[in-house]
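Engineer: There's a structure below that I have some questions on.
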Amino acid sequence: MTSRNAGWRQGAACVAALTFDVDAESPVLAEGRRYADHAMVMTHQAFGPLVGVPRILQMLKDVGQPATFFIPGLTADRYPDMVEQVLNSGHEIAHHSYTHRTPTSMTLSEERADFERALKVLDRFGITPAGHRAALWEASWQTPSLVAEYGLKYDSSLMDFDTPYRLETSAGTIAELPPHWSLDDWEQYAFLPNPRLGEVIQSPLTVADMWIHEIDAMRRHGSMFMLTCHPFLSGRAGRLEALRTVVETALERGDVKFATCESIAEATLRDPDLKARKLEPVSVPPELYPLE
């Protein structure tokens, strides 16, 4: 019988990953470069790397827990000092495209070129990323194969499980660390009138209660708490304190382990009880669902 400590949870009831997508201006520019002329919109997004990231780094230091920062290449190019701050704090930095355009909006060659450009930017900082997250999680069917082809260990874009698993691709086996919209601060806090990237401003107290409930449920079900936050959203003072409450409450439970995505991926790939899966693209009869 395999010891519980040998599995991906390493003896914890729930493994939690604190992840921060430092998108800055990139998701807005992906909607159209005309938004570069909108001072409010650009400064709204710049809050993330300028103010949100330093605050988040201090909070992580206060609670003594690791995190993973998914940084688009464009953000790294625009805010190199911020990247160095994350590196100097000892947290993981992972691949999050260059332009934050979704793979499903690009051709296969465009996705590859964008993927490679992001790798080159991270390499200038001495970063060899272990993992990847697709923009808006909108991976194409080739995305996991690209991740494996370029030697990364994991992807965090698919939503078919709430536990990590080994994913077989044409270029090798990687770990998949599934996220979900319910554990994303964008769905709770994002408000921007133009472009309309969100229309909700939820109370941070409500969000904290929701995420604590999710952690307690995942402790019962042995799941992975993959939290995705954006510094331009959760870096705001009241929201950051709500996030601090979530982390401190989880630590008080005594059986929740916080880990970087790379650490979870490594444990997943080592877990002898996890069978490798393959993605099965959906075949749609054209007469039932014609393209629009």
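As shown in the structure tokens, the chain order sets the letters A, B, ...; within each chain, residues go from 1, and ligands are also counted from 1 in the order they appear.
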Hey, could you make a per-residue contact list for region 138-225 of chain A against region 69-82 of chain A with 12 Å as the cut-off, showing the nearest pair of atoms and its distance in Å to one decimal, counting only C-alpha atoms, sorted by chain and number, as a Markdown table?
Structural biologist:
| residue | atom | partner | partner_atom | distance |
| --- | --- | --- | --- | --- |
| A:Asp155 | CA | A:Phe70 | CA | 11.3 |
| A:Ser156 | CA | A:Phe70 | CA | 10.2 |
| A:Ser157 | CA | A:Phe70 | CA | 11.9 |
Engineer: Using only C-alpha atoms, what does the table of region 154-219 of chain A residues within 10 Å of region 274-289 of chain A look like, with each row giving the shortest atom pair and its distance in Å to one decimal, sorted by chain and ascending number, as CSV?
Structural biologist:
residue,atom,partner,partner_atom,distance
A:Pro164,CA,A:Leu274,CA,9.0
A:Tyr165,CA,A:Leu274,CA,6.5
A:Arg166,CA,A:Ala276,CA,4.6
A:Leu167,CA,A:Arg277,CA,4.9
A:Glu168,CA,A:Lys278,CA,5.1
A:Thr169,CA,A:Lys278,CA,6.7
A:Ser170,CA,A:Lys278,CA,9.4
A:Thr173,CA,A:Ala276,CA,7.8
A:Ile174,CA,A:Ala276,CA,9.0
A:Ala175,CA,A:Ala276,CA,9.0
A:Glu176,CA,A:Arg277,CA,9.8
Engineer: Those same residues - N, CA, C and O atoms - I'd like them written as a PDB file, in the first residue's frame.
Structural biologist:
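Done, and the output landed in selection04.pdb:
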ATOM      1  N   PRO A 164      -4.719  17.752  -9.108  1.00  0.00           N
ATOM      2  CA  PRO A 164      -3.748  17.698 -10.202  1.00  0.00           C
ATOM      3  C   PRO A 164      -3.689  16.299 -10.805  1.00  0.00           C
ATOM      4  O   PRO A 164      -4.074  15.316 -10.170  1.00  0.00           O
ATOM      5  N   TYR A 165      -3.216  16.231 -12.036  1.00  0.00           N
ATOM      6  CA  TYR A 165      -3.063  14.935 -12.682  1.00  0.00           C
ATOM      7  C   TYR A 165      -1.930  14.984 -13.698  1.00  0.00           C
ATOM      8  O   TYR A 165      -1.463  16.059 -14.082  1.00  0.00           O
ATOM      9  N   ARG A 166      -1.494  13.813 -14.111  1.00  0.00           N
ATOM     10  CA  ARG A 166      -0.471  13.697 -15.142  1.00  0.00           C
ATOM     11  C   ARG A 166      -1.154  13.690 -16.502  1.00  0.00           C
ATOM     12  O   ARG A 166      -2.113  12.954 -16.721  1.00  0.00           O
ATOM     13  N   LEU A 167      -0.638  14.505 -17.399  1.00  0.00           N
ATOM     14  CA  LEU A 167      -1.259  14.676 -18.716  1.00  0.00           C
ATOM     15  C   LEU A 167      -0.269  14.259 -19.800  1.00  0.00           C
ATOM     16  O   LEU A 167       0.822  14.826 -19.926  1.00  0.00           O
ATOM     17  N   GLU A 168      -0.657  13.270 -20.579  1.00  0.00           N
ATOM     18  CA  GLU A 168       0.168  12.822 -21.695  1.00  0.00           C
ATOM     19  C   GLU A 168      -0.069  13.711 -22.905  1.00  0.00           C
ATOM     20  O   GLU A 168      -1.205  13.988 -23.274  1.00  0.00           O
ATOM     21  N   THR A 169       1.021  14.154 -23.521  1.00  0.00           N
ATOM     22  CA  THR A 169       0.927  14.929 -24.746  1.00  0.00           C
ATOM     23  C   THR A 169       1.818  14.282 -25.800  1.00  0.00           C
ATOM     24  O   THR A 169       2.599  13.366 -25.511  1.00  0.00           O
ATOM     25  N   SER A 170       1.736  14.784 -27.007  1.00  0.00           N
ATOM     26  CA  SER A 170       2.568  14.244 -28.087  1.00  0.00           C
ATOM     27  C   SER A 170       4.038  14.530 -27.861  1.00  0.00           C
ATOM     28  O   SER A 170       4.897  13.909 -28.499  1.00  0.00           O
ATOM     29  N   THR A 173       5.014  13.914 -21.038  1.00  0.00           N
ATOM     30  CA  THR A 173       4.049  13.993 -19.950  1.00  0.00           C
ATOM     31  C   THR A 173       4.335  15.192 -19.063  1.00  0.00           C
ATOM     32  O   THR A 173       5.482  15.428 -18.670  1.00  0.00           O
ATOM     33  N   ILE A 174       3.291  15.942 -18.760  1.00  0.00           N
ATOM     34  CA  ILE A 174       3.389  17.085 -17.850  1.00  0.00           C
ATOM     35  C   ILE A 174       2.356  16.909 -16.742  1.00  0.00           C
ATOM     36  O   ILE A 174       1.495  16.025 -16.808  1.00  0.00           O
ATOM     37  N   ALA A 175       2.420  17.752 -15.748  1.00  0.00           N
ATOM     38  CA  ALA A 175       1.375  17.804 -14.727  1.00  0.00           C
ATOM     39  C   ALA A 175       0.375  18.887 -15.120  1.00  0.00           C
ATOM     40  O   ALA A 175       0.754  19.938 -15.633  1.00  0.00           O
ATOM     41  N   GLU A 176      -0.895  18.610 -14.909  1.00  0.00           N
ATOM     42  CA  GLU A 176      -1.939  19.617 -15.092  1.00  0.00           C
ATOM     43  C   GLU A 176      -2.451  20.013 -13.719  1.00  0.00           C
ATOM     44  O   GLU A 176      -2.830  19.146 -12.910  1.00  0.00           O
TER      45      GLU A 176
END
Engineer: Do a neighbour search on Asp209 (chain A) at 12 Å with only C-alpha atoms, toss out local chain neighbours closer than 6 positions, and write the hits as number ranges by chain.
Structural biologist: A: 202-203, 215-216, 242-243, 245-247, 249-250
Engineer: Would you mind exporting the chosen residues as a PDB file, in the first residue's frame, restricted to N, CA, C and O atoms?
Structural biologist:
ATOM      1  N   GLN A 202     -17.445  43.018  -5.552  1.00  0.00           N
ATOM      2  CA  GLN A 202     -17.970  42.274  -4.415  1.00  0.00           C
ATOM      3  C   GLN A 202     -17.283  42.727  -3.121  1.00  0.00           C
ATOM      4  O   GLN A 202     -16.136  43.197  -3.128  1.00  0.00           O
ATOM      5  N   SER A 203     -17.968  42.563  -2.002  1.00  0.00           N
ATOM      6  CA  SER A 203     -17.354  42.847  -0.713  1.00  0.00           C
ATOM      7  C   SER A 203     -16.214  41.863  -0.445  1.00  0.00           C
ATOM      8  O   SER A 203     -16.393  40.647  -0.566  1.00  0.00           O
ATOM      9  N   ILE A 215     -12.047  26.101   0.958  1.00  0.00           N
ATOM     10  CA  ILE A 215     -10.931  25.376   1.581  1.00  0.00           C
ATOM     11  C   ILE A 215     -11.450  24.266   2.488  1.00  0.00           C
ATOM     12  O   ILE A 215     -10.961  23.124   2.459  1.00  0.00           O
ATOM     13  N   ASP A 216     -12.444  24.574   3.315  1.00  0.00           N
ATOM     14  CA  ASP A 216     -12.976  23.557   4.219  1.00  0.00           C
ATOM     15  C   ASP A 216     -13.600  22.395   3.449  1.00  0.00           C
ATOM     16  O   ASP A 216     -13.456  21.234   3.841  1.00  0.00           O
ATOM     17  N   ALA A 242      -8.438  40.808   3.103  1.00  0.00           N
ATOM     18  CA  ALA A 242      -9.327  39.650   3.028  1.00  0.00           C
ATOM     19  C   ALA A 242      -8.543  38.408   2.629  1.00  0.00           C
ATOM     20  O   ALA A 242      -8.766  37.308   3.172  1.00  0.00           O
ATOM     21  N   LEU A 243      -7.615  38.567   1.696  1.00  0.00           N
ATOM     22  CA  LEU A 243      -6.775  37.435   1.286  1.00  0.00           C
ATOM     23  C   LEU A 243      -5.903  36.971   2.446  1.00  0.00           C
ATOM     24  O   LEU A 243      -5.729  35.768   2.666  1.00  0.00           O
ATOM     25  N   THR A 245      -6.686  37.081   5.521  1.00  0.00           N
ATOM     26  CA  THR A 245      -7.589  36.327   6.400  1.00  0.00           C
ATOM     27  C   THR A 245      -7.781  34.902   5.895  1.00  0.00           C
ATOM     28  O   THR A 245      -7.804  33.945   6.683  1.00  0.00           O
ATOM     29  N   VAL A 246      -7.917  34.749   4.588  1.00  0.00           N
ATOM     30  CA  VAL A 246      -8.076  33.410   4.001  1.00  0.00           C
ATOM     31  C   VAL A 246      -6.852  32.551   4.319  1.00  0.00           C
ATOM     32  O   VAL A 246      -6.983  31.396   4.763  1.00  0.00           O
ATOM     33  N   VAL A 247      -5.671  33.107   4.105  1.00  0.00           N
ATOM     34  CA  VAL A 247      -4.440  32.341   4.329  1.00  0.00           C
ATOM     35  C   VAL A 247      -4.288  32.007   5.807  1.00  0.00           C
ATOM     36  O   VAL A 247      -4.001  30.854   6.171  1.00  0.00           O
ATOM     37  N   THR A 249      -6.556  31.790   8.132  1.00  0.00           N
ATOM     38  CA  THR A 249      -7.575  30.832   8.558  1.00  0.00           C
ATOM     39  C   THR A 249      -7.205  29.431   8.098  1.00  0.00           C
ATOM     40  O   THR A 249      -7.354  28.450   8.852  1.00  0.00           O
ATOM     41  N   ALA A 250      -6.718  29.306   6.866  1.00  0.00           N
ATOM     42  CA  ALA A 250      -6.306  27.994   6.363  1.00  0.00           C
ATOM     43  C   ALA A 250      -5.171  27.423   7.204  1.00  0.00           C
ATOM     44  O   ALA A 250      -5.166  26.220   7.536  1.00  0.00           O
TER      45      ALA A 250
END
Engineer: Which one of A:Arg55, A:Arg220, A:Arg244, A:Arg253 sits closest to Val207 (chain A) if you count only C-alpha atoms?
Structural biologist: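 Of the candidates, the smallest distance to Val207 (chain A) is held by A:Arg244.
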Engineer: From a DSSP calculation on the backbone, collect every residue of region 188-276 of chain A in strand (DSSP E) and output the set as a PyMOL selection string.
Structural biologist: chain A and resi 191-192+198-199+224-229+256-258
Engineer: Near Asp162 (chain A), within 9 Å and counting only C-alpha atoms, which residues show up once chain neighbours fewer than 6 positions away are dropped, as a VMD selection string?
Structural biologist: chain A and resid 177 to 180 218 223 to 226
Engineer: How would the residues just picked look written out with N, CA, C and O atoms as a tab-separated table (two decimals), in the first residue's frame?
Structural biologist:
chain	number	residue	atom	x	y	z
A	177	LEU	N	-2.44	21.32	-13.43
A	177	LEU	CA	-2.90	21.85	-12.15
A	177	LEU	C	-4.16	22.67	-12.41
A	177	LEU	O	-4.08	23.86	-12.72
A	178	PRO	N	-5.34	22.07	-12.29
A	178	PRO	CA	-6.57	22.74	-12.73
A	178	PRO	C	-6.98	23.93	-11.87
A	178	PRO	O	-6.99	23.85	-10.64
A	179	PRO	N	-7.31	25.04	-12.52
A	179	PRO	CA	-7.90	26.19	-11.83
A	179	PRO	C	-9.42	26.15	-11.95
A	179	PRO	O	-9.99	25.18	-12.48
A	180	HIS	N	-10.10	27.19	-11.48
A	180	HIS	CA	-11.54	27.33	-11.70
A	180	HIS	C	-11.95	28.78	-11.46
A	180	HIS	O	-11.35	29.48	-10.66
A	218	MET	N	-12.72	21.45	0.45
A	218	MET	CA	-11.62	20.73	-0.20
A	218	MET	C	-10.83	19.90	0.79
A	218	MET	O	-10.27	18.86	0.43
A	223	SER	N	-9.02	17.91	-2.15
A	223	SER	CA	-8.84	18.64	-3.39
A	223	SER	C	-7.67	19.62	-3.32
A	223	SER	O	-7.03	19.77	-2.28
A	224	MET	N	-7.44	20.29	-4.43
A	224	MET	CA	-6.40	21.31	-4.51
A	224	MET	C	-7.06	22.68	-4.58
A	224	MET	O	-7.91	22.93	-5.43
A	225	PHE	N	-6.64	23.57	-3.70
A	225	PHE	CA	-7.14	24.94	-3.67
A	225	PHE	C	-6.23	25.79	-4.54
A	225	PHE	O	-5.20	26.27	-4.09
A	226	MET	N	-6.60	25.94	-5.79
A	226	MET	CA	-5.80	26.71	-6.75
A	226	MET	C	-6.40	28.11	-6.85
A	226	MET	O	-7.35	28.35	-7.60
Engineer: DSSP says alpha helix (DSSP H) for which residues of region 74-112 of chain A? Put them as a list in words?
Structural biologist: Leu74, Thr75, Ala76, Asp77, Arg78, Pro80, Asp81, Met82, Val83, Glu84, Gln85, Val86, Leu87, Asn88, Leu108, Ser109, Glu110, Glu111 and Arg112 of chain A
Engineer: Tell me which of A:Arg196, A:Thr163, A:Lys153, A:Ala190 sits closest to Trp8 (chain A), counting only C-alpha atoms.
Structural biologist: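 For Trp8 (chain A), the nearest of the candidates is A:Thr163.
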Engineer: What's the separation between CA of Thr19 (chain A) and CA of Ala171 (chain A), in Å to one decimal place?
Structural biologist: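 Going from CA of Thr19 (chain A) over to CA of Ala171 (chain A), I get 26.1 Å.
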Engineer: For CA of Val15 (chain A) and CA of Trp137 (chain A), quote the distance in Å rounded to one decimal.
Structural biologist: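 One can read the CA of Val15 (chain A) to CA of Trp137 (chain A) distance as 20.7 Å.
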